[in-house]
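K.L.:
First, the structure itself, so that you have it in front of you.
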Amino acid sequence: MSKSSSLSSDRTLRRQPQQQRGKQRVEKILLAAAEVFAEAGFAAATIQQIADRANTAVGSIYQFFPDKLAIFQALLSEHMQQQEILETNFFAADLNRPLMQLIGEYIDTLACYFERPIPRCIALQDYLQPIAGLSNLVEDMPEQLSISLKRHANFYRQRNPNLSEAKSELLTEVAHNMSNSLFLSALKSDATHRQEIYAEIKDVLYGYLNPHIGDHLLPVSNQLMICPDCQSDRVAKNGRQQGKQRYICRGCGRQFLDRYTPRGYPLDVRQRCLALHAQGVGFREIERQTGVDCNTVINWVKNLQAPSG
């Protein structure tokens, strides 16, 4: 991250606070400004409103910021910094987990982040009422967006090495714009409806991305062998046949050739499939809606109906 994406940027602050008290005052001003901008919009907001919300004098604000554009620029820089940290932490984790789980965790992380005043303010203002020329004041804003998109594209190719660079970048662009639009709709909604939209974002992204980077496309070395009959992972190698690896299930004794399935679906995915079946939805339609192979769903239903003990 370059210096231009820092709250201490010389182009943002009129003077640098040297003591902790001054730094706390700047933070208080920025949080107050984020709330005022989110409520009134940048154009209608005034320095007086920000001062009132921060419980400080107008002159105190002008000690640090020459105008409200500089305040918004500082908010944007802080947002960019925090978003970079968020993405870096996410992509540092194991990315070979089930796709539905990854998407769910990513959306939940963003949802939690955008409940905070500064990112919420930036999202609502920057996309709904863009400030002309603002991106030119933060030099590395286009660069950071480009890095973020490339990071997602690389993740897609990691899960599916057969994806071309052009295709992975196109998938990234569409997924990025689609989720951004839906997130904005969520942020404008009440808390209950917001959570409903977040749930739909997860389903939309999964449905769009699963054919291209789904668990079934993970490189073999990243997958866990599962018995196609009983779904047990107690599977051992059992020689080779016609150049293909043979396996035997220690649970049910089934022998089979190279057949790889993902590490397993999250509990919520399984429950959703079973709920759809209980509603009378056919197995093929369940596969279409969830991306889970219909044979897997059939096995789940059989296991559910099998008598215990």
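Each chain in the structure tokens gets a letter, A, B and so on, in the order shown; residues start at 1 in every chain, and ligands are counted from 1 in the order they appear.
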Give me every strand (DSSP E) residue in region 153-309 of chain A, going by DSSP on the backbone, as a count of residues only.
P.N.:
16
K.L.:
Quick one: of A:Asp52, A:Ile47, A:Gln81, A:Gln245, who's nearest to Pro66 (chain A), counting only C-alpha atoms?
P.N.:
A:Ile47
K.L.:
Need the shell around Ala34 (chain A): protein/DNA/RNA residues with any atom at most 9 Å away, counting only C-alpha atoms. Skip same-chain ones fewer than 5 positions apart. Format as a ChimeraX atom specification?
P.N.:
/A:29,39,50,72,75,117-122
K.L.:
Could the residues in this selection be written to a file with N, CA and C atoms, as a compact mmCIF listing (two decimals), in the first residue's frame?
P.N.:
# COMPACT_ATOMS: atom_id res chain seq x y z
N ILE A 29 -13.60 12.99 14.29
CA ILE A 29 -14.11 13.82 13.19
C ILE A 29 -14.47 12.94 11.99
N GLU A 39 -25.91 9.85 5.83
CA GLU A 39 -27.29 10.28 6.04
C GLU A 39 -27.72 11.38 5.08
N ILE A 50 -20.93 18.19 10.64
CA ILE A 50 -19.89 17.25 11.07
C ILE A 50 -19.36 17.65 12.44
N PHE A 72 -13.56 13.57 3.06
CA PHE A 72 -14.03 12.38 2.36
C PHE A 72 -12.86 11.60 1.78
N LEU A 75 -11.49 9.49 4.42
CA LEU A 75 -12.36 8.33 4.63
C LEU A 75 -12.13 7.27 3.56
N PRO A 117 -19.32 2.50 10.06
CA PRO A 117 -19.70 3.80 9.46
C PRO A 117 -18.89 4.19 8.22
N ILE A 118 -17.56 4.02 8.27
CA ILE A 118 -16.74 4.51 7.16
C ILE A 118 -16.98 3.73 5.87
N PRO A 119 -16.84 2.40 5.86
CA PRO A 119 -17.11 1.69 4.60
C PRO A 119 -18.55 1.83 4.11
N ARG A 120 -19.48 1.91 5.04
CA ARG A 120 -20.88 2.09 4.64
C ARG A 120 -21.06 3.43 3.95
N CYS A 121 -20.45 4.45 4.49
CA CYS A 121 -20.53 5.79 3.90
C CYS A 121 -19.91 5.80 2.50
N ILE A 122 -18.74 5.20 2.35
CA ILE A 122 -18.04 5.18 1.06
C ILE A 122 -18.88 4.45 0.03
K.L.:
Could you tell me how far CA of His152 (chain A) sits from CA of Met178 (chain A), in Å to one decimal place?
P.N.:
14.2 Å
K.L.:
When you draw a straight line from CA of Leu218 (chain A) to CA of Ile286 (chain A), how long is it in Å?
P.N.:
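Separation between CA of Leu218 (chain A) and CA of Ile286 (chain A): 21.7 Å.
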K.L.:
Hey, can you check how far CA of Thr172 (chain A) sits from CA of Ala186 (chain A)?
P.N.:
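Going from CA of Thr172 (chain A) over to CA of Ala186 (chain A) covers 20.7 Å.
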K.L.:
So which residues touch Glu115 (chain A) within 12 Å, counting only C-alpha atoms, skipping near sequence neighbours fewer than 4 positions away, as a PyMOL selection string?
P.N.:
chain A and resi 34-35+38+108-111+119-124+183-184+186-188+190-191+194-195
K.L.:
For Arg25 (chain A), which residue out of A:Ser179, A:Ser60, A:Asp293, A:Ala44 is the nearest one, using only C-alpha atoms?
P.N.:
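For Arg25 (chain A), the nearest of the given residues is A:Ser60.
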K.L.:
When you look at Ala175 (chain A) with a cut-off of 9 Å (counting only C-alpha atoms), what residues show up, excluding the ones that are within fewer than 4 positions of it in the same chain? I need them as a ChimeraX atom specification.
P.N.:
/A:170-171,179-180,205,208-209
K.L.:
Nearest to Ile131 (chain A) among A:Arg116, A:Gly41, A:His216, A:Tyr62, with distances taken over only C-alpha atoms: which residue is it?
P.N.:
A:Gly41
K.L.:
Per DSSP on the backbone, what are the helix (DSSP H, G or I) residues of region 54-172 of chain A, as a count of residues only?
P.N.:
90
K.L.:
Can you tell me which residues surround region 273-277 of chain A at a distance of at most 8 Å, considering only C-alpha atoms, apart from same-chain residues fewer than 6 positions away, and format the answer as a list in words?
P.N.:
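That gives Phe283, Ile286, Thr290, Val297, Trp300 and Val301 of chain A.
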K.L.:
Would you list the contacts of Val36 (chain A) as an MDAnalysis selection string, taking every protein, DNA or RNA residue within 8 Å and counting only C-alpha atoms, but skipping same-chain residues closer than 4 positions in sequence?
P.N.:
chainID A and resid 32 40:41 45 49:50 53
